[in-house]
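Peer 1: Below is the file final_16.txt, which contains compact mmCIF, C-alpha atoms.
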# COMPACT_ATOMS: atom_id res chain seq x y z
CA MET O 1 75.20 21.91 59.83
CA ASN O 2 78.81 23.10 60.02
CA LEU O 3 79.64 26.61 61.23
CA LYS O 4 80.20 28.02 57.76
CA ARG O 5 76.85 26.79 56.52
CA LEU O 6 75.08 27.95 59.69
CA LEU O 7 76.53 31.45 59.29
CA LEU O 8 75.51 31.45 55.63
CA ALA O 9 71.96 30.43 56.58
CA ALA O 10 71.77 33.24 59.14
CA ALA O 11 73.08 35.77 56.62
CA THR O 12 70.67 34.48 53.99
CA LEU O 13 67.68 34.88 56.28
CA GLY O 14 68.88 38.30 57.39
CA THR O 15 69.04 39.46 53.79
CA ALA O 16 65.63 37.97 53.01
CA LEU O 17 64.01 39.47 56.10
CA SER O 18 65.56 42.86 55.33
CA ALA O 19 64.24 42.72 51.78
CA SER O 20 60.87 41.54 53.07
CA ALA O 21 60.67 44.45 55.52
CA GLU O 22 61.58 46.98 52.84
CA SER O 23 59.35 45.53 50.14
CA PRO O 24 57.15 42.78 51.57
CA ALA O 25 55.90 40.23 49.08
CA GLN O 26 52.18 40.46 48.54
CA VAL O 27 50.34 37.22 49.28
CA HIS O 28 47.32 36.48 47.11
CA TYR O 29 44.41 34.36 48.36
CA ARG O 30 42.76 32.49 45.53
CA THR O 31 40.73 29.44 44.59
CA ALA O 32 40.99 27.02 41.68
CA ASP O 33 38.31 24.58 40.50
CA VAL O 34 39.90 21.13 40.23
CA GLN O 35 38.02 17.84 39.84
CA GLY O 36 34.90 19.20 41.52
CA VAL O 37 36.92 20.69 44.39
CA SER O 38 37.36 24.40 45.06
CA VAL O 39 41.02 24.48 46.12
CA PHE O 40 41.91 27.50 48.24
CA TYR O 41 45.55 28.53 48.03
CA ARG O 42 48.04 31.23 48.92
CA GLU O 43 50.44 32.47 46.27
CA ALA O 44 53.31 34.94 46.33
CA GLY O 45 56.57 35.72 44.60
CA PRO O 46 57.69 36.35 41.00
CA ALA O 47 55.76 34.32 38.44
CA ASP O 48 58.98 33.43 36.59
CA ALA O 49 60.95 32.36 39.69
CA PRO O 50 61.61 28.72 40.64
CA ALA O 51 58.48 27.28 42.22
CA VAL O 52 58.03 25.91 45.73
CA LEU O 53 54.88 23.98 46.69
CA LEU O 54 54.05 23.97 50.42
CA LEU O 55 51.90 21.08 51.65
CA HIS O 56 50.47 21.24 55.16
CA GLY O 57 49.28 18.36 57.33
CA PHE O 58 46.69 17.19 59.83
CA GLY O 59 45.31 19.80 62.21
CA ALA O 60 46.48 22.63 59.97
CA SER O 61 46.05 24.43 56.66
CA SER O 62 48.12 26.74 54.48
CA TYR O 63 47.79 29.20 57.38
CA MET O 64 50.76 27.43 58.98
CA PHE O 65 52.95 28.97 56.25
CA ARG O 66 51.80 32.55 56.90
CA ASP O 67 55.27 33.71 58.01
CA LEU O 68 57.34 31.46 55.72
CA ILE O 69 55.67 32.50 52.47
CA PRO O 70 56.77 36.18 52.48
CA VAL O 71 60.37 35.18 53.21
CA LEU O 72 60.58 32.58 50.44
CA ALA O 73 58.68 34.81 48.01
CA GLN O 74 61.57 37.27 47.81
CA ARG O 75 63.29 34.77 45.51
CA TYR O 76 60.78 32.00 44.75
CA ARG O 77 57.28 31.54 43.41
CA VAL O 78 55.48 30.08 46.42
CA ILE O 79 52.14 28.27 46.30
CA ALA O 80 50.42 26.74 49.35
CA PRO O 81 47.05 25.01 48.86
CA ASP O 82 44.65 23.82 51.53
CA LEU O 83 44.23 20.08 51.07
CA PRO O 84 40.69 18.72 50.55
CA GLY O 85 39.11 18.37 53.97
CA PHE O 86 41.12 21.24 55.45
CA GLY O 87 41.09 25.00 55.77
CA GLN O 88 39.14 26.88 53.11
CA THR O 89 39.13 24.16 50.44
CA THR O 90 35.64 22.79 49.78
CA VAL O 91 34.12 19.97 47.76
CA LYS O 92 31.48 21.42 45.47
CA PRO O 93 27.84 20.43 46.04
CA GLY O 94 26.90 17.39 44.00
CA THR O 95 30.51 16.14 43.78
CA ALA O 96 31.14 12.69 45.22
CA PHE O 97 34.54 12.74 46.91
CA ASP O 98 36.05 9.88 48.91
CA TYR O 99 38.62 11.14 51.40
CA THR O 100 41.60 8.93 50.63
CA PHE O 101 45.20 9.97 50.17
CA ASP O 102 45.10 8.81 46.56
CA ASN O 103 42.18 11.16 45.86
CA VAL O 104 43.68 14.08 47.80
CA ALA O 105 46.95 13.65 45.88
CA SER O 106 45.06 13.44 42.58
CA VAL O 107 43.44 16.82 43.27
CA ILE O 108 46.74 18.44 44.23
CA ASP O 109 48.52 16.92 41.22
CA ALA O 110 45.84 18.35 38.92
CA PHE O 111 46.11 21.64 40.81
CA THR O 112 49.84 21.85 40.02
CA VAL O 113 49.02 21.35 36.34
CA GLU O 114 46.35 24.07 36.56
CA LYS O 115 48.99 26.40 38.04
CA GLY O 116 51.56 25.52 35.37
CA LEU O 117 54.05 23.97 37.79
CA ASP O 118 56.24 21.98 35.42
CA ARG O 119 59.13 21.95 37.91
CA TYR O 120 58.88 22.61 41.63
CA ALA O 121 60.37 21.95 45.03
CA ILE O 122 58.10 20.60 47.75
CA TYR O 123 57.89 21.31 51.47
CA VAL O 124 55.95 18.49 53.10
CA PHE O 125 54.63 18.23 56.64
CA ASP O 126 52.61 15.44 58.25
CA TYR O 127 49.73 14.55 55.83
CA GLY O 128 51.38 16.73 53.22
CA ALA O 129 54.16 14.15 53.04
CA PRO O 130 52.15 11.21 51.64
CA VAL O 131 50.51 13.66 49.23
CA GLY O 132 53.91 14.99 48.15
CA TRP O 133 55.37 11.49 47.94
CA ARG O 134 52.66 10.47 45.49
CA LEU O 135 53.39 13.54 43.36
CA ALA O 136 57.10 12.71 43.36
CA VAL O 137 56.69 9.04 42.46
CA ALA O 138 54.22 9.86 39.67
CA ASN O 139 56.17 12.87 38.33
CA PRO O 140 59.84 12.45 39.29
CA GLN O 141 60.97 14.81 36.53
CA LYS O 142 59.04 17.67 38.13
CA ILE O 143 60.61 17.55 41.60
CA THR O 144 63.60 19.86 42.01
CA ALA O 145 64.11 19.45 45.77
CA ILE O 146 62.38 18.20 48.91
CA VAL O 147 62.08 19.79 52.34
CA SER O 148 60.46 17.46 54.87
CA GLN O 149 59.47 19.06 58.15
CA ASN O 150 58.27 16.10 60.21
CA GLY O 151 56.95 14.53 57.03
CA ASN O 152 57.48 10.82 57.50
CA ALA O 153 58.66 8.41 54.80
CA TYR O 154 59.84 5.36 56.78
CA GLU O 155 58.02 2.94 59.04
CA GLU O 156 60.63 3.35 61.78
CA GLY O 157 59.55 6.97 62.02
CA LEU O 158 56.13 5.99 63.38
CA SER O 159 55.98 6.18 67.17
CA ALA O 160 53.98 4.01 69.56
CA GLY O 161 51.32 6.71 69.34
CA TRP O 162 50.13 5.09 66.11
CA ALA O 163 48.91 1.94 67.91
CA ASP O 164 45.20 2.74 67.59
CA MET O 165 45.62 3.65 63.94
CA ARG O 166 47.55 0.46 63.21
CA LYS O 167 44.77 -1.54 64.86
CA ALA O 168 42.18 0.17 62.69
CA TRP O 169 44.24 -0.36 59.52
CA ALA O 170 44.48 -4.08 60.25
CA ALA O 171 40.80 -4.40 61.17
CA PRO O 172 38.72 -1.42 59.97
CA THR O 173 35.69 -2.25 62.11
CA ALA O 174 33.20 0.35 63.28
CA GLU O 175 34.60 0.03 66.81
CA ASN O 176 38.21 0.56 65.72
CA ARG O 177 37.20 3.48 63.53
CA GLU O 178 35.34 5.09 66.41
CA ALA O 179 38.46 4.87 68.59
CA LEU O 180 40.13 7.38 66.24
CA ARG O 181 37.53 10.10 66.79
CA ARG O 182 39.38 11.48 69.81
CA PHE O 183 42.25 12.65 67.60
CA ASN O 184 39.92 15.30 66.15
CA THR O 185 38.86 16.97 69.39
CA PRO O 186 39.97 20.56 70.08
CA ASP O 187 41.99 19.46 73.12
CA MET O 188 43.82 16.77 71.16
CA ILE O 189 44.62 19.13 68.30
CA LYS O 190 45.96 21.71 70.73
CA TRP O 191 48.06 18.98 72.38
CA GLN O 192 49.65 18.15 69.04
CA TYR O 193 50.78 21.77 68.78
CA THR O 194 52.13 22.03 72.32
CA GLU O 195 53.52 18.58 73.13
CA GLY O 196 57.32 18.59 73.17
CA VAL O 197 57.52 22.39 73.04
CA ARG O 198 59.81 24.00 75.62
CA ASP O 199 58.00 27.34 75.67
CA THR O 200 54.33 26.95 74.72
CA SER O 201 53.85 30.75 74.84
CA LEU O 202 55.42 30.71 71.36
CA ILE O 203 52.39 28.87 69.95
CA ALA O 204 49.78 31.24 68.53
CA PRO O 205 46.39 29.97 69.73
CA GLU O 206 44.78 30.86 66.41
CA SER O 207 46.75 28.05 64.77
CA TYR O 208 44.99 25.19 66.54
CA GLN O 209 41.72 27.10 66.95
CA LEU O 210 41.41 27.59 63.19
CA ALA O 211 42.20 23.92 62.61
CA SER O 212 39.46 22.88 65.03
CA ALA O 213 36.99 25.33 63.48
CA ALA O 214 37.64 23.84 60.03
CA ILE O 215 36.94 20.34 61.31
CA GLU O 216 33.71 21.55 62.87
CA ARG O 217 32.72 23.32 59.65
CA ILE O 218 33.67 20.55 57.20
CA GLY O 219 32.86 17.62 59.48
CA VAL O 220 34.77 14.98 61.41
CA GLU O 221 34.04 12.08 59.06
CA PRO O 222 36.51 13.16 56.32
CA GLN O 223 39.21 13.25 59.01
CA MET O 224 38.19 9.80 60.21
CA ASP O 225 38.39 8.50 56.64
CA LEU O 226 41.92 9.85 56.22
CA LEU O 227 43.11 8.44 59.53
CA LEU O 228 41.76 5.05 58.50
CA ASP O 229 43.40 5.34 55.07
CA TYR O 230 46.82 6.35 56.40
CA GLY O 231 47.92 2.71 56.28
CA SER O 232 47.92 2.99 52.49
CA ASN O 233 50.82 5.43 52.81
CA VAL O 234 52.92 2.92 54.72
CA ARG O 235 52.23 0.27 52.08
CA GLN O 236 53.55 2.65 49.41
CA TYR O 237 56.83 3.37 51.18
CA PRO O 238 58.80 0.86 49.04
CA GLN O 239 57.84 2.78 45.87
CA LEU O 240 58.98 6.01 47.50
CA HIS O 241 62.30 4.53 48.61
CA ALA O 242 62.90 3.32 45.05
CA PHE O 243 62.27 6.91 43.86
CA PHE O 244 64.84 8.21 46.37
CA ARG O 245 67.43 5.66 45.26
CA GLN O 246 66.94 6.28 41.55
CA TYR O 247 66.63 10.06 41.45
CA GLN O 248 68.53 11.17 44.58
CA PRO O 249 66.60 14.45 44.90
CA PRO O 250 68.22 17.12 47.08
CA THR O 251 66.49 16.56 50.42
CA LEU O 252 66.43 18.46 53.70
CA ALA O 253 64.73 16.67 56.60
CA ILE O 254 64.28 19.30 59.30
CA TRP O 255 62.60 17.76 62.31
CA GLY O 256 61.07 18.69 65.62
CA LYS O 257 62.85 15.99 67.61
CA ASN O 258 60.18 15.88 70.36
CA ASP O 259 57.38 14.98 67.95
CA PRO O 260 55.06 12.48 69.68
CA PHE O 261 54.07 10.83 66.38
CA PHE O 262 57.02 11.06 63.97
CA ILE O 263 60.21 10.27 65.83
CA PRO O 264 63.82 11.19 64.87
CA ALA O 265 64.53 7.73 63.46
CA GLY O 266 62.24 8.64 60.57
CA ALA O 267 64.36 11.66 59.73
CA GLU O 268 67.63 9.75 59.91
CA ALA O 269 66.20 7.07 57.61
CA PHE O 270 66.18 9.44 54.62
CA LYS O 271 69.95 9.02 54.39
CA ARG O 272 69.59 5.29 53.81
CA ASP O 273 68.16 5.65 50.31
CA ASN O 274 69.24 9.16 49.39
CA ALA O 275 72.87 10.19 49.60
CA LYS O 276 71.86 13.84 49.17
CA ALA O 277 69.65 13.88 52.26
CA GLU O 278 70.56 16.40 54.96
CA VAL O 279 69.08 15.92 58.43
CA ARG O 280 68.65 18.68 61.02
CA PHE O 281 66.94 18.41 64.41
CA LEU O 282 65.16 21.17 66.30
CA ASP O 283 64.39 21.11 70.02
CA THR O 284 60.63 21.33 69.60
CA GLY O 285 57.55 19.29 68.78
CA HIS O 286 55.45 18.27 65.79
CA PHE O 287 54.56 21.77 64.55
CA ALA O 288 58.17 22.92 64.48
CA ILE O 289 57.42 25.83 62.17
CA GLU O 290 55.32 27.45 64.91
CA THR O 291 58.28 27.76 67.30
CA HIS O 292 61.31 27.65 64.99
CA GLY O 293 59.96 29.36 61.88
CA ASP O 294 62.95 31.68 61.49
CA GLU O 295 65.45 28.83 61.67
CA ILE O 296 63.46 26.71 59.24
CA ALA O 297 63.19 29.64 56.82
CA ALA O 298 66.94 30.32 57.01
CA ARG O 299 67.97 26.73 56.43
CA MET O 300 65.38 26.26 53.75
CA LEU O 301 66.56 29.33 51.82
CA GLU O 302 70.18 28.26 52.07
CA PHE O 303 69.23 24.74 50.96
CA LEU O 304 67.10 25.90 48.02
CA ASP O 305 69.70 28.43 46.89
CA ARG O 306 72.27 25.63 46.71
CA ASN O 307 70.06 23.12 44.92
CA VAL O 308 67.37 24.81 42.87
CA LYS O 309 68.38 26.62 39.70
Represent the structure of the file as structure tokens.

Peer 2:
Amino acid sequence: MNLKRLLLAAATLGTALSASAESPAQVHYRTADVQGVSVFYREAGPADAPAVLLLHGFGASSYMFRDLIPVLAQRYRVIAPDLPGFGQTTVKPGTAFDYTFDNVASVIDAFTVEKGLDRYAIYVFDYGAPVGWRLAVANPQKITAIVSQNGNAYEEGLSAGWADMRKAWAAPTAENREALRRFNTPDMIKWQYTEGVRDTSLIAPESYQLASAAIERIGVEPQMDLLLDYGSNVRQYPQLHAFFRQYQPPTLAIWGKNDPFFIPAGAEAFKRDNAKAEVRFLDTGHFAIETHGDEIAARMLEFLDRNVK
């Protein structure tokens, strides 16, 4: 980002934070019944403002957007659901639900219809990316802009840390599936928050503790199913790249460059198929919003103000 744009981003955030302090946006906590799933979501901002859909990832929930939502809601209608298998979202008793990315995306797509989101920008992170990518490919006319915070879209963005997952995708045996269980332990989830972070005292412990509690409450098997199904996302990358080339959506890839799973090459790759892609790196890890939330909010506001009418 050049100096002029950086100064504009800082001024934009300052104005938004000042407005937020004087008249903080109220965040509503609601549920919607969609396809036999009770989708918990956070909503704030003017009902008639341009919409922004925030999609969290693995080891998280819409709680990760707790500080971002009030800032964006000064000018945007902001909606952040918990994906099936995460946070406060629950599958209703008697509903058969297979935890695949196709099914998760189907629920969220229907949720956007339920909420009347005819046009919206998306912020995608981690698992939220393959969900958002499916929404974009299926409904290209609805997507006004994309913000990807460590939300991968290219195979070169996958680090060596995916070796066990790749093995399981190629041969989904019981043994290979079982090898993935360790990714769901409290210590491993905490590690994903702290790895690559210069000052870990910036990480609120509730963030990874709540994620672990949700896994314990909902069960590990849905997480195992999604890890095993992640290979389906890689196989769909060509469709996504075709979407980027055809529609050229305004895109901001803002990336924790020390991410142990999604490496910087994945961020740079956005520019290959999308001339409008902007790439910014932050000196932090996977959960960049936990340590650099103010900077992400500033750059996101500046980006949305330029691109979303």

Peer 1: Find the residues with any atom within 6 Å of (56.2, 6.6, 65.9); use all atoms listed in the file and the coordinates as given in the file, and write the answer as an NGL selection string.

Peer 2: :O and (157-161 or 261-263)

Peer 1: Which polymer residues have any atom within 8 Å of an atom of Pro264 in chain O, counting all atoms listed in the file, with same-chain residues fewer than 4 positions away left out, as a ChimeraX atom specification?

Peer 2: /O:157,255,257,268,281

Peer 1: For the selection just defined, write its residues with C-alpha atoms to a file, as a PDB file, in the coordinates of the input.

Peer 2:
ATOM      1  CA  GLY O 157      59.550   6.970  62.020  1.00  0.00           C
ATOM      2  CA  TRP O 255      62.600  17.760  62.310  1.00  0.00           C
ATOM      3  CA  LYS O 257      62.850  15.990  67.610  1.00  0.00           C
ATOM      4  CA  GLU O 268      67.630   9.750  59.910  1.00  0.00           C
ATOM      5  CA  PHE O 281      66.940  18.410  64.410  1.00  0.00           C
TER       6      PHE O 281
END

Peer 1: I'd like to know which of O:Tyr99, O:Phe125, O:Phe244, O:Tyr230 is closest to Ile289 in chain O, using only C-alpha atoms.

Peer 2: O:Phe125

Peer 1: Which residues come within 10 Å of Ser148 in chain O, counting only C-alpha atoms, excluding same-chain residues fewer than 6 positions away, as a list in words?

Peer 2: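 The neighbour list is Leu55, Ile122, Tyr123, Val124, Phe125, Asp126, Gly128, Ala129, Gly132, Thr251, Leu252, Ala253, Ile254, Trp255, Ala267, Phe270 and Val279 of chain O.
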
Peer 1: Given the choices O:Gln74, O:Gln239, O:Ser106, O:Gln248, which gets closest to Ala47 in chain O if the distance is worked out from all atoms listed in the file?

Peer 2: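 Going through O:Gln74, O:Gln239, O:Ser106, O:Gln248 one by one, the smallest distance to Ala47 in chain O is for O:Gln74.
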
Peer 1: Nearest residue to Leu135 in chain O out of O:Phe243, O:Tyr154, O:Tyr208, O:Tyr29, using only C-alpha atoms?

Peer 2: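 Smallest distance to Leu135 in chain O is found for O:Phe243.
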
Peer 1: Measuring between only C-alpha atoms, which one of O:Asn152, O:Thr90, O:His56, O:Leu72 shows the shortest distance to Glu43 in chain O?

Peer 2: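 Going through O:Asn152, O:Thr90, O:His56, O:Leu72 one by one, the smallest distance to Glu43 in chain O is for O:Leu72.
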
Peer 1: Which of these residues is nearest to Gly151 in chain O, using only C-alpha atoms: O:Phe287, O:Tyr127, O:Phe40, O:Tyr193?

Peer 2: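 For Gly151 in chain O, the nearest of the candidates is O:Tyr127.
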